[in-house]
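Enquirer: Handing you this structure, nothing more for now.
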Amino acid sequence: MDKYMDLAYKEALKAFKKNEVPVGAVIVKNNKVIAKAYNLKESKRNVTKHAEMIAIEKASKKLKTWHLDGCDIYITLEPCDMCLSALTQARINNIYYSTKSNFNNNVSRETLIKIENNESTELLQKFFKNKRK
């Protein structure tokens with residue numbers, strides 16, 4: 001077993017012992033572990049406390065940036081849509097996982113309803129235009 005996936009598995013065991021879904025995650029940069037985490041969704045009563053999300057928080061704090069360029073993550077379960085999106089936003093290079101998820105991670109299209117709001121669009125455009133100057 002890959003040494004980083006082995007560390008992720010050890011994190012998953014911690015979750016298992018706490019009666020959490022046993023998922024562990026490890027973020028690595030330049031062959032150095034910068035963050036380890038496991039699921040705490042039930043313990044913290046917080047839907048965002050997936051192993052990946054906690055690992056991103058820890059890595060961002062350690063590197064003092066949310067830009068996790070050059071980092072890889074090792075996860076014991078294929079990430080859900082929320083985590084995959086966060087990993088993409090954090091600019092994680094590679095996502096390695098050991099177990100395929102059997103859950104349907106797709107949001108029902110009936111729950112996504114677009115409401116036109118030009119002010120919101122203009123505000124976002126202005127924000128990013130100012131950032132790119």
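By convention in this document, the chains of the structure tokens carry letters A, B, ... by their order, each chain's residues are numbered from 1, and ligands are numbered from 1 in the order they are shown.
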I'd like the contact shell of region 79-92 of chain A - 7 Å cut-off, only C-alpha atoms, skipping same-chain residues fewer than 2 positions apart - returned as an MDAnalysis selection string.
Expert: chainID A and resid 52:53 66:72 77 94 105
Enquirer: Write out as a list in words the residues lying within 7 Å of region 35-40 of chain A, counting only C-alpha atoms and excluding same-chain residues fewer than 3 positions away.
Expert: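 Result of the neighbour search: Glu11, Ala12, Lys14, Ala15, Glu20, Val21, Pro22, Val23, Gly24, Ala25, Val26, Ile27, Ser43, Lys44, Lys49, His50, Ala51, Ile54, Ala55, Lys58 and Ala59 of chain A.
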Enquirer: Just list the residues in region 26-126 of chain A DSSP gives alpha helix (DSSP H) on the backbone, as a PyMOL selection string.
Expert: chain A and resi 41-44+51-63+81-89+118-126
Enquirer: Which is closer to Ile34 (chain A) than all the others in A:Arg132, A:Lys3, A:Lys61, A:Lys100, using only C-alpha atoms?
Expert: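 Closest to Ile34 (chain A), using only C-alpha atoms: A:Lys61.
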Enquirer: Could you pull out the strand (DSSP E or B) residues of chain A, going by DSSP on the backbone, and write them as JSON, numbers by chain?
Expert: {"A": [24, 25, 26, 27, 28, 29, 32, 33, 34, 35, 36, 37, 38, 71, 72, 73, 74, 75, 94, 95, 96, 97]}
Enquirer: Quote the spacing between CA of Lys18 (chain A) and CA of Asp2 (chain A) in Å to one decimal place.
Expert: 24.8 Å
Enquirer: So which one's closest to Met5 (chain A), A:Val47, A:Ser98, A:Val28, A:Ser120? Using only C-alpha atoms, please.
Expert: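 With only C-alpha atoms as the atom set, the closest residue is A:Ser98.
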